[in-house]
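S.K.: Sharing protein18.pdb here; it has PDB, C-alpha atoms.
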ATOM      1  CA  MET A   8     172.964  14.754   3.595
ATOM      2  CA  ASN A   9     169.438  13.343   3.682
ATOM      3  CA  LEU A  10     166.371  14.760   1.896
ATOM      4  CA  ALA A  11     165.002  16.599   4.943
ATOM      5  CA  ASN A  12     168.319  18.388   5.473
ATOM      6  CA  LYS A  13     168.558  19.233   1.765
ATOM      7  CA  ILE A  14     165.146  20.915   1.951
ATOM      8  CA  THR A  15     166.239  22.863   5.033
ATOM      9  CA  PHE A  16     169.436  23.901   3.269
ATOM     10  CA  ALA A  17     167.404  24.967   0.213
ATOM     11  CA  ARG A  18     165.271  27.115   2.529
ATOM     12  CA  ILE A  19     168.404  28.870   3.770
ATOM     13  CA  MET A  20     169.514  29.397   0.154
ATOM     14  CA  LEU A  21     166.153  31.039  -0.634
ATOM     15  CA  ILE A  22     166.840  33.799   1.911
ATOM     16  CA  PRO A  23     169.339  35.690  -0.320
ATOM     17  CA  VAL A  24     166.881  35.318  -3.223
ATOM     18  CA  PHE A  25     164.152  36.812  -1.035
ATOM     19  CA  ILE A  26     166.442  39.698  -0.059
ATOM     20  CA  MET A  27     167.444  40.401  -3.678
ATOM     21  CA  LEU A  28     163.806  40.475  -4.818
ATOM     22  CA  PHE A  29     162.643  42.765  -2.001
ATOM     23  CA  PRO A  30     162.465  46.242  -3.592
ATOM     24  CA  ILE A  31     165.115  48.269  -1.787
ATOM     25  CA  TYR A  32     167.008  49.455  -4.842
ATOM     26  CA  PRO A  33     168.731  52.850  -4.999
ATOM     27  CA  GLU A  34     167.220  55.401  -7.387
ATOM     28  CA  TRP A  35     170.314  55.526  -9.626
ATOM     29  CA  LEU A  36     170.085  51.766 -10.217
ATOM     30  CA  ILE A  37     166.350  51.827 -10.913
ATOM     31  CA  ASN A  38     166.874  54.441 -13.620
ATOM     32  CA  LYS A  39     169.593  52.390 -15.356
ATOM     33  CA  SER A  40     167.874  49.031 -15.723
ATOM     34  CA  ALA A  41     164.477  47.908 -16.989
ATOM     35  CA  VAL A  42     164.832  44.716 -14.946
ATOM     36  CA  ILE A  43     165.395  46.693 -11.758
ATOM     37  CA  GLN A  44     162.477  48.983 -12.665
ATOM     38  CA  HIS A  45     160.295  45.889 -12.984
ATOM     39  CA  LEU A  46     161.558  44.512  -9.674
ATOM     40  CA  ASP A  47     161.045  47.880  -8.013
ATOM     41  CA  ALA A  48     157.394  47.787  -9.083
ATOM     42  CA  TYR A  49     156.650  44.067  -8.645
ATOM     43  CA  GLY A  50     159.519  42.660  -6.602
ATOM     44  CA  ILE A  51     157.507  42.713  -3.388
ATOM     45  CA  TYR A  52     155.146  40.120  -4.896
ATOM     46  CA  TYR A  53     158.037  37.914  -5.994
ATOM     47  CA  ALA A  54     159.708  38.344  -2.602
ATOM     48  CA  CYS A  55     156.480  37.414  -0.841
ATOM     49  CA  ALA A  56     156.112  34.299  -3.013
ATOM     50  CA  VAL A  57     159.683  33.225  -2.176
ATOM     51  CA  PHE A  58     159.066  33.979   1.515
ATOM     52  CA  LEU A  59     155.909  31.823   1.529
ATOM     53  CA  LEU A  60     157.649  29.019  -0.387
ATOM     54  CA  ALA A  61     160.551  29.015   2.066
ATOM     55  CA  SER A  62     158.143  29.084   5.013
ATOM     56  CA  ALA A  63     156.083  26.199   3.621
ATOM     57  CA  SER A  64     159.223  24.105   3.155
ATOM     58  CA  ASP A  65     159.611  24.153   6.956
ATOM     59  CA  LYS A  66     156.582  21.879   7.299
ATOM     60  CA  LEU A  67     157.791  19.663   4.468
ATOM     61  CA  ASP A  68     161.272  18.994   5.837
ATOM     62  CA  GLY A  69     159.873  18.295   9.317
ATOM     63  CA  HIS A  70     157.306  15.872   7.909
ATOM     64  CA  ILE A  71     159.919  14.031   5.848
ATOM     65  CA  ALA A  72     162.369  13.871   8.761
ATOM     66  CA  ARG A  73     159.752  12.301  11.049
ATOM     67  CA  LYS A  74     158.125  10.017   8.465
ATOM     68  CA  TYR A  75     161.379   8.576   7.113
ATOM     69  CA  ASN A  76     163.325   8.700  10.373
ATOM     70  CA  GLN A  77     165.747  11.302   8.998
ATOM     71  CA  ILE A  78     166.075  13.366  12.181
ATOM     72  CA  THR A  79     169.731  14.354  12.553
ATOM     73  CA  ASN A  80     171.756  16.700  14.732
ATOM     74  CA  LEU A  81     172.464  18.792  11.636
ATOM     75  CA  GLY A  82     168.732  19.062  10.971
ATOM     76  CA  LYS A  83     168.060  20.019  14.597
ATOM     77  CA  LEU A  84     170.579  22.842  14.195
ATOM     78  CA  LEU A  85     169.690  24.043  10.681
ATOM     79  CA  ASP A  86     165.885  23.922  10.865
ATOM     80  CA  PRO A  87     165.333  26.506  13.630
ATOM     81  CA  LEU A  88     168.259  28.555  12.298
ATOM     82  CA  ALA A  89     166.624  28.720   8.850
ATOM     83  CA  ASP A  90     163.348  29.901  10.397
ATOM     84  CA  LYS A  91     165.049  32.608  12.442
ATOM     85  CA  LEU A  92     167.138  33.846   9.509
ATOM     86  CA  LEU A  93     164.095  34.027   7.217
ATOM     87  CA  ILE A  94     161.869  35.828   9.729
ATOM     88  CA  SER A  95     164.685  38.191  10.782
ATOM     89  CA  ALA A  96     165.527  39.069   7.167
ATOM     90  CA  ALA A  97     161.873  39.848   6.421
ATOM     91  CA  LEU A  98     161.454  41.984   9.542
ATOM     92  CA  ILE A  99     164.665  43.954   8.938
ATOM     93  CA  LEU A 100     163.734  44.627   5.311
ATOM     94  CA  MET A 101     160.240  45.724   6.324
ATOM     95  CA  VAL A 102     161.664  48.127   8.924
ATOM     96  CA  SER A 103     164.028  49.544   6.277
ATOM     97  CA  GLN A 104     161.015  50.384   4.097
ATOM     98  CA  GLN A 105     158.949  51.619   7.071
ATOM     99  CA  TYR A 106     156.317  48.876   6.671
ATOM    100  CA  ILE A 107     156.554  48.123  10.399
ATOM    101  CA  TYR A 108     157.910  49.806  13.521
ATOM    102  CA  ALA A 109     161.470  48.921  14.470
ATOM    103  CA  TRP A 110     160.452  48.019  18.029
ATOM    104  CA  ILE A 111     158.178  45.242  16.738
ATOM    105  CA  ALA A 112     161.016  43.720  14.725
ATOM    106  CA  PHE A 113     163.374  44.127  17.682
ATOM    107  CA  ALA A 114     160.966  42.389  20.092
ATOM    108  CA  ILE A 115     160.434  39.428  17.759
ATOM    109  CA  ILE A 116     164.117  39.044  16.853
ATOM    110  CA  ALA A 117     165.198  39.453  20.490
ATOM    111  CA  ARG A 118     162.832  36.665  21.524
ATOM    112  CA  GLU A 119     164.354  34.392  18.891
ATOM    113  CA  PHE A 120     167.908  35.144  20.080
ATOM    114  CA  ILE A 121     166.971  34.530  23.718
ATOM    115  CA  ILE A 122     165.359  31.164  22.938
ATOM    116  CA  THR A 123     168.318  30.195  20.735
ATOM    117  CA  GLY A 124     170.654  31.071  23.613
ATOM    118  CA  ILE A 125     168.648  28.880  25.983
ATOM    119  CA  ARG A 126     168.786  26.013  23.493
ATOM    120  CA  MET A 127     172.555  26.421  23.171
ATOM    121  CA  VAL A 128     172.959  26.303  26.955
ATOM    122  CA  ALA A 129     170.756  23.207  27.059
ATOM    123  CA  ALA A 130     172.735  21.548  24.271
ATOM    124  CA  SER A 131     175.992  22.220  26.138
ATOM    125  CA  GLN A 132     174.448  20.391  29.102
ATOM    126  CA  LYS A 133     173.325  17.512  26.839
ATOM    127  CA  ILE A 134     169.665  18.467  27.371
ATOM    128  CA  ALA A 135     167.268  18.400  24.427
ATOM    129  CA  LEU A 136     164.579  21.076  24.697
ATOM    130  CA  GLN A 137     161.640  20.534  22.390
ATOM    131  CA  ALA A 138     159.671  23.316  20.747
ATOM    132  CA  ASP A 139     156.182  23.575  22.165
ATOM    133  CA  GLN A 140     152.833  24.145  20.465
ATOM    134  CA  TYR A 141     152.938  27.889  21.146
ATOM    135  CA  GLY A 142     156.208  28.177  19.244
ATOM    136  CA  LYS A 143     154.675  26.475  16.217
ATOM    137  CA  ILE A 144     151.541  28.630  16.372
ATOM    138  CA  LYS A 145     153.578  31.841  16.635
ATOM    139  CA  MET A 146     155.585  30.814  13.570
ATOM    140  CA  VAL A 147     152.375  30.400  11.543
ATOM    141  CA  PHE A 148     151.130  33.819  12.681
ATOM    142  CA  GLN A 149     154.498  35.429  11.941
ATOM    143  CA  VAL A 150     154.487  34.070   8.390
ATOM    144  CA  ILE A 151     150.887  35.124   7.689
ATOM    145  CA  ALA A 152     151.381  38.566   9.249
ATOM    146  CA  ILE A 153     154.646  39.246   7.417
ATOM    147  CA  ALA A 154     153.114  38.205   4.090
ATOM    148  CA  ALA A 155     150.026  40.372   4.696
ATOM    149  CA  VAL A 156     152.161  43.402   5.606
ATOM    150  CA  MET A 157     154.420  42.883   2.568
ATOM    151  CA  LEU A 158     151.325  42.790   0.354
ATOM    152  CA  ASN A 159     149.956  45.983   1.943
ATOM    153  CA  ASN A 160     146.926  44.238   3.496
ATOM    154  CA  ARG A 161     146.041  42.322   0.331
ATOM    155  CA  PRO A 162     143.876  40.298  -0.193
ATOM    156  CA  PHE A 163     142.011  41.597   2.867
ATOM    157  CA  SER A 164     141.815  45.150   1.494
ATOM    158  CA  PHE A 165     139.613  43.875  -1.335
ATOM    159  CA  PHE A 166     136.882  43.050   1.191
ATOM    160  CA  THR A 167     137.323  45.447   4.113
ATOM    161  CA  ASP A 168     138.950  48.677   5.241
ATOM    162  CA  VAL A 169     140.070  46.976   8.463
ATOM    163  CA  PRO A 170     143.909  46.824   8.636
ATOM    164  CA  VAL A 171     143.958  43.034   8.975
ATOM    165  CA  ASP A 172     147.701  42.958   8.253
ATOM    166  CA  GLN A 173     148.409  45.162  11.282
ATOM    167  CA  ILE A 174     146.061  43.147  13.495
ATOM    168  CA  LEU A 175     147.824  39.948  12.422
ATOM    169  CA  LEU A 176     151.204  41.568  13.071
ATOM    170  CA  TYR A 177     150.264  42.525  16.636
ATOM    171  CA  LEU A 178     148.777  39.059  17.234
ATOM    172  CA  ALA A 179     152.041  37.536  15.970
ATOM    173  CA  LEU A 180     153.969  39.841  18.316
ATOM    174  CA  ILE A 181     151.823  38.850  21.324
ATOM    175  CA  LEU A 182     152.109  35.141  20.477
ATOM    176  CA  THR A 183     155.861  35.497  19.963
ATOM    177  CA  LEU A 184     156.377  37.114  23.354
ATOM    178  CA  TYR A 185     154.000  34.720  25.115
ATOM    179  CA  SER A 186     155.576  31.642  23.534
ATOM    180  CA  GLY A 187     159.009  32.909  24.612
ATOM    181  CA  TYR A 188     157.808  33.454  28.172
ATOM    182  CA  ASN A 189     156.146  30.022  28.206
ATOM    183  CA  TYR A 190     159.273  28.334  26.823
ATOM    184  CA  ILE A 191     161.486  29.929  29.480
ATOM    185  CA  LYS A 192     159.004  29.134  32.262
ATOM    186  CA  ASN A 193     158.685  25.479  31.225
ATOM    187  CA  ASN A 194     162.404  24.869  30.725
ATOM    188  CA  TYR A 195     164.072  27.066  33.338
ATOM    189  CA  ARG A 196     164.240  24.350  36.001
ATOM    190  CA  THR A 197     165.497  21.776  33.505
ATOM    191  CA  LEU A 198     168.627  23.837  32.873
ATOM    192  CA  LYS A 199     171.435  23.874  35.378
ATOM    193  CA  LEU A 200     171.933  27.651  35.463
TER     194      LEU A 200
END
What is this structure when it is put down as structure tokens?
M.R.:
Amino acid sequence: MNLANKITFARIMLIPVFIMLFPIYPEWLINKSAVIQHLDAYGIYYACAVFLLASASDKLDGHIARKYNQITNLGKLLDPLADKLLISAALILMVSQQYIYAWIAFAIIAREFIITGIRMVAASQKIALQADQYGKIKMVFQVIAIAAVMLNNRPFSFFTDVPVDQILLYLALILTLYSGYNYIKNNYRTLKL
């Protein structure tokens, strides 16, 4: 396994860490452990740091794979899978704590499943479909929006009463849906459906 794939694999391994740090602990457990009490109060910050670290590693593994010619079929499979698992985990956890509406999470996750399905059909036909610029931009907006929502609009709330986190979330949603539409439109004729 090359370095780029190891970084991608490490990103996948950070997802359970992110989930464990996200404060969704039952009351009986919080009352029994000082560590859990600490995580209940500050875990969202740790979870956000792990989420941002995992998200940043996406750029790193892609850069290394291209620079050192380490692009592999395993990497092509694991890299988008890691992104989807990380984003989906964050969205599901945020819905569970009522940080975001369930329909927003559903729309974003559904888009990811649809695009993954199209890629699987393409792969079965020996067709390589490349991610476009809109897909990369939507990923950046998703990461920033999710982090801002997890941090309850910080650091923006220090400067303004505008709910920047919610604005970013809706922008991420729009970009996610548009990039999905654009991806389907651009690749539909390539596939032998």
S.K.: Find the residues with any atom within 12 Å of (154.4, 35.9, -2.3); use all atoms listed in the file and the coordinates as given in the file, and write the answer as number ranges by chain.
M.R.: A: 25, 28-29, 49-63, 150-151, 153-159, 161-162
S.K.: Quick check, in Å to one decimal: how far apart do atom CA of Leu93 of chain A and atom CA of Lys66 of chain A lie?
M.R.: 14.3 Å
S.K.: For the atom pair atom CA of Arg18 of chain A and atom CA of Gly142 of chain A, what is the interatomic distance in Å to one decimal place?
M.R.: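 Spanning atom CA of Arg18 of chain A to atom CA of Gly142 of chain A is a straight-line distance of 19.0 Å.
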S.K.: Identify which of the residues A:Gln140, A:Thr15, A:Ser103, A:Asn38 lies closest to His70 of chain A, counting all atoms listed in the file when measuring atom-to-atom distances.
M.R.: A:Thr15
S.K.: Could you name the residues that touch Leu184 of chain A at 8 Å or less, counting only C-alpha atoms, but leaving out those on the same chain fewer than 5 positions away, as a PyMOL selection string?
M.R.: chain A and resi 114-115+118
S.K.: Using only C-alpha atoms, please write the residues we just selected to a file, as a PDB file, in the coordinates of the input.
M.R.:
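New file result_38.pdb:
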ATOM      1  CA  ALA A 114     160.966  42.389  20.092  1.00  0.00           C
ATOM      2  CA  ILE A 115     160.434  39.428  17.759  1.00  0.00           C
ATOM      3  CA  ARG A 118     162.832  36.665  21.524  1.00  0.00           C
TER       4      ARG A 118
END
S.K.: Provide the atom CA of Met27 of chain A to atom CA of Leu46 of chain A distance in Å, to one decimal place.
M.R.: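 Result for atom CA of Met27 of chain A versus atom CA of Leu46 of chain A: 9.4 Å, one decimal.
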S.K.: Given all atoms listed in the file as the basis, pick out the residue of A:Asn12, A:Gln77, A:Thr197, A:Gln44 nearest to Arg126 of chain A.
M.R.: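 Result for the nearest residue to Arg126 of chain A: A:Thr197.
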S.K.: Measuring atom to atom with all atoms listed in the file, identify which of A:Ala152, A:Ala138, A:Ala48, A:Ala129 is nearest to Asn189 of chain A.
M.R.: A:Ala138
S.K.: Could you spell out the hits of the PyMOL selection byres ((chain A and resi 121) around 12) on the shown file, as a PyMOL selection string?
M.R.: chain A and resi 91+113-120+122-128+183-184+186-188+190-191
S.K.: Find the spatial neighbours of Asn80 of chain A, counting all atoms listed in the file, within a cut-off of 12 Å - ignore same-chain residues fewer than 3 positions away - and output them as a PDB file with C-alpha atoms, in the coordinates of the input.
M.R.:
ATOM      1  CA  MET A   8     172.964  14.754   3.595  1.00  0.00           C
ATOM      2  CA  ASN A   9     169.438  13.343   3.682  1.00  0.00           C
ATOM      3  CA  ALA A  11     165.002  16.599   4.943  1.00  0.00           C
ATOM      4  CA  ASN A  12     168.319  18.388   5.473  1.00  0.00           C
ATOM      5  CA  ALA A  72     162.369  13.871   8.761  1.00  0.00           C
ATOM      6  CA  GLN A  77     165.747  11.302   8.998  1.00  0.00           C
ATOM      7  CA  LYS A  83     168.060  20.019  14.597  1.00  0.00           C
ATOM      8  CA  LEU A  84     170.579  22.842  14.195  1.00  0.00           C
ATOM      9  CA  LEU A  85     169.690  24.043  10.681  1.00  0.00           C
ATOM     10  CA  ASP A  86     165.885  23.922  10.865  1.00  0.00           C
ATOM     11  CA  PRO A  87     165.333  26.506  13.630  1.00  0.00           C
ATOM     12  CA  ALA A 130     172.735  21.548  24.271  1.00  0.00           C
ATOM     13  CA  ALA A 135     167.268  18.400  24.427  1.00  0.00           C
TER      14      ALA A 135
END
S.K.: Of the candidates A:Leu180, A:Ala89, A:Ala112, A:Ile99, which shows the shortest atom-to-atom distance to Leu21 of chain A, using only C-alpha atoms?
M.R.: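 Among the listed residues, the smallest separation from Leu21 of chain A belongs to A:Ala89.
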S.K.: Given the choices A:Leu136, A:Leu178, A:Phe165, A:Met146, which gets closest to Asn193 of chain A if the distance is worked out from only C-alpha atoms?
M.R.: A:Leu136
S.K.: Nearest residue to Tyr75 of chain A out of A:Leu36, A:Leu10, A:Ala97, A:Pro23, using only C-alpha atoms?
M.R.: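 Of A:Leu36, A:Leu10, A:Ala97, A:Pro23, the one nearest Tyr75 of chain A, counting only C-alpha atoms, is A:Leu10.
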S.K.: If I only want segment 52-64 of chain A, can you write it with all heavy atoms, as a PDB file, in the first residue's frame?
M.R.:
ATOM      1  N   TYR A  52     -15.812  20.263  20.026  1.00  0.00           N
ATOM      2  CA  TYR A  52     -14.609  20.939  19.522  1.00  0.00           C
ATOM      3  C   TYR A  52     -13.567  19.913  19.068  1.00  0.00           C
ATOM      4  O   TYR A  52     -12.924  20.091  18.037  1.00  0.00           O
ATOM      5  CB  TYR A  52     -14.021  21.869  20.594  1.00  0.00           C
ATOM      6  CG  TYR A  52     -15.012  22.907  21.052  1.00  0.00           C
ATOM      7  CD1 TYR A  52     -15.579  22.842  22.317  1.00  0.00           C
ATOM      8  CD2 TYR A  52     -15.415  23.936  20.203  1.00  0.00           C
ATOM      9  CE1 TYR A  52     -16.512  23.778  22.738  1.00  0.00           C
ATOM     10  CE2 TYR A  52     -16.342  24.882  20.612  1.00  0.00           C
ATOM     11  CZ  TYR A  52     -16.888  24.795  21.878  1.00  0.00           C
ATOM     12  OH  TYR A  52     -17.819  25.727  22.274  1.00  0.00           O
ATOM     13  N   TYR A  53     -13.407  18.858  19.856  1.00  0.00           N
ATOM     14  CA  TYR A  53     -12.489  17.788  19.461  1.00  0.00           C
ATOM     15  C   TYR A  53     -12.984  17.099  18.183  1.00  0.00           C
ATOM     16  O   TYR A  53     -12.203  16.827  17.273  1.00  0.00           O
ATOM     17  CB  TYR A  53     -12.344  16.744  20.580  1.00  0.00           C
ATOM     18  CG  TYR A  53     -11.860  17.281  21.899  1.00  0.00           C
ATOM     19  CD1 TYR A  53     -12.417  16.838  23.097  1.00  0.00           C
ATOM     20  CD2 TYR A  53     -10.846  18.240  21.967  1.00  0.00           C
ATOM     21  CE1 TYR A  53     -11.976  17.324  24.322  1.00  0.00           C
ATOM     22  CE2 TYR A  53     -10.412  18.735  23.198  1.00  0.00           C
ATOM     23  CZ  TYR A  53     -10.983  18.275  24.362  1.00  0.00           C
ATOM     24  OH  TYR A  53     -10.545  18.760  25.562  1.00  0.00           O
ATOM     25  N   ALA A  54     -14.286  16.832  18.144  1.00  0.00           N
ATOM     26  CA  ALA A  54     -14.866  16.187  16.959  1.00  0.00           C
ATOM     27  C   ALA A  54     -14.670  17.053  15.725  1.00  0.00           C
ATOM     28  O   ALA A  54     -14.317  16.555  14.652  1.00  0.00           O
ATOM     29  CB  ALA A  54     -16.347  15.898  17.187  1.00  0.00           C
ATOM     30  N   CYS A  55     -14.875  18.354  15.885  1.00  0.00           N
ATOM     31  CA  CYS A  55     -14.697  19.268  14.753  1.00  0.00           C
ATOM     32  C   CYS A  55     -13.244  19.282  14.292  1.00  0.00           C
ATOM     33  O   CYS A  55     -12.973  19.290  13.086  1.00  0.00           O
ATOM     34  CB  CYS A  55     -15.155  20.671  15.137  1.00  0.00           C
ATOM     35  SG  CYS A  55     -15.213  21.803  13.734  1.00  0.00           S
ATOM     36  N   ALA A  56     -12.307  19.261  15.240  1.00  0.00           N
ATOM     37  CA  ALA A  56     -10.883  19.231  14.879  1.00  0.00           C
ATOM     38  C   ALA A  56     -10.550  17.963  14.105  1.00  0.00           C
ATOM     39  O   ALA A  56      -9.835  18.012  13.085  1.00  0.00           O
ATOM     40  CB  ALA A  56     -10.017  19.351  16.134  1.00  0.00           C
ATOM     41  N   VAL A  57     -11.066  16.820  14.550  1.00  0.00           N
ATOM     42  CA  VAL A  57     -10.828  15.551  13.848  1.00  0.00           C
ATOM     43  C   VAL A  57     -11.481  15.586  12.461  1.00  0.00           C
ATOM     44  O   VAL A  57     -10.881  15.150  11.474  1.00  0.00           O
ATOM     45  CB  VAL A  57     -11.348  14.353  14.675  1.00  0.00           C
ATOM     46  CG1 VAL A  57     -11.339  13.065  13.861  1.00  0.00           C
ATOM     47  CG2 VAL A  57     -10.516  14.191  15.939  1.00  0.00           C
ATOM     48  N   PHE A  58     -12.687  16.134  12.387  1.00  0.00           N
ATOM     49  CA  PHE A  58     -13.390  16.260  11.108  1.00  0.00           C
ATOM     50  C   PHE A  58     -12.572  17.108  10.124  1.00  0.00           C
ATOM     51  O   PHE A  58     -12.401  16.727   8.961  1.00  0.00           O
ATOM     52  CB  PHE A  58     -14.767  16.894  11.336  1.00  0.00           C
ATOM     53  CG  PHE A  58     -15.524  17.181  10.078  1.00  0.00           C
ATOM     54  CD1 PHE A  58     -16.197  16.166   9.412  1.00  0.00           C
ATOM     55  CD2 PHE A  58     -15.565  18.462   9.552  1.00  0.00           C
ATOM     56  CE1 PHE A  58     -16.893  16.424   8.238  1.00  0.00           C
ATOM     57  CE2 PHE A  58     -16.251  18.736   8.383  1.00  0.00           C
ATOM     58  CZ  PHE A  58     -16.921  17.720   7.726  1.00  0.00           C
ATOM     59  N   LEU A  59     -12.054  18.237  10.590  1.00  0.00           N
ATOM     60  CA  LEU A  59     -11.260  19.112   9.717  1.00  0.00           C
ATOM     61  C   LEU A  59      -9.936  18.460   9.319  1.00  0.00           C
ATOM     62  O   LEU A  59      -9.497  18.591   8.174  1.00  0.00           O
ATOM     63  CB  LEU A  59     -11.018  20.467  10.393  1.00  0.00           C
ATOM     64  CG  LEU A  59     -12.263  21.346  10.529  1.00  0.00           C
ATOM     65  CD1 LEU A  59     -11.970  22.563  11.397  1.00  0.00           C
ATOM     66  CD2 LEU A  59     -12.784  21.767   9.161  1.00  0.00           C
ATOM     67  N   LEU A  60      -9.311  17.746  10.250  1.00  0.00           N
ATOM     68  CA  LEU A  60      -8.073  17.026   9.941  1.00  0.00           C
ATOM     69  C   LEU A  60      -8.321  15.965   8.877  1.00  0.00           C
ATOM     70  O   LEU A  60      -7.580  15.861   7.895  1.00  0.00           O
ATOM     71  CB  LEU A  60      -7.498  16.382  11.208  1.00  0.00           C
ATOM     72  CG  LEU A  60      -6.274  15.481  11.017  1.00  0.00           C
ATOM     73  CD1 LEU A  60      -5.079  16.304  10.551  1.00  0.00           C
ATOM     74  CD2 LEU A  60      -5.951  14.737  12.304  1.00  0.00           C
ATOM     75  N   ALA A  61      -9.376  15.190   9.057  1.00  0.00           N
ATOM     76  CA  ALA A  61      -9.713  14.148   8.081  1.00  0.00           C
ATOM     77  C   ALA A  61     -10.032  14.770   6.724  1.00  0.00           C
ATOM     78  O   ALA A  61      -9.597  14.268   5.682  1.00  0.00           O
ATOM     79  CB  ALA A  61     -10.891  13.321   8.581  1.00  0.00           C
ATOM     80  N   SER A  62     -10.764  15.869   6.731  1.00  0.00           N
ATOM     81  CA  SER A  62     -11.107  16.544   5.473  1.00  0.00           C
ATOM     82  C   SER A  62      -9.867  17.091   4.770  1.00  0.00           C
ATOM     83  O   SER A  62      -9.746  16.986   3.548  1.00  0.00           O
ATOM     84  CB  SER A  62     -12.083  17.693   5.743  1.00  0.00           C
ATOM     85  OG  SER A  62     -13.269  17.216   6.312  1.00  0.00           O
ATOM     86  N   ALA A  63      -8.954  17.663   5.532  1.00  0.00           N
ATOM     87  CA  ALA A  63      -7.725  18.215   4.947  1.00  0.00           C
ATOM     88  C   ALA A  63      -6.849  17.116   4.357  1.00  0.00           C
ATOM     89  O   ALA A  63      -6.145  17.343   3.369  1.00  0.00           O
ATOM     90  CB  ALA A  63      -6.952  19.000   6.002  1.00  0.00           C
ATOM     91  N   SER A  64      -6.904  15.920   4.946  1.00  0.00           N
ATOM     92  CA  SER A  64      -6.068  14.832   4.435  1.00  0.00           C
ATOM     93  C   SER A  64      -6.497  14.411   3.034  1.00  0.00           C
ATOM     94  O   SER A  64      -5.727  13.804   2.296  1.00  0.00           O
ATOM     95  CB  SER A  64      -6.099  13.633   5.388  1.00  0.00           C
ATOM     96  OG  SER A  64      -7.340  12.954   5.303  1.00  0.00           O
TER      97      SER A  64
END
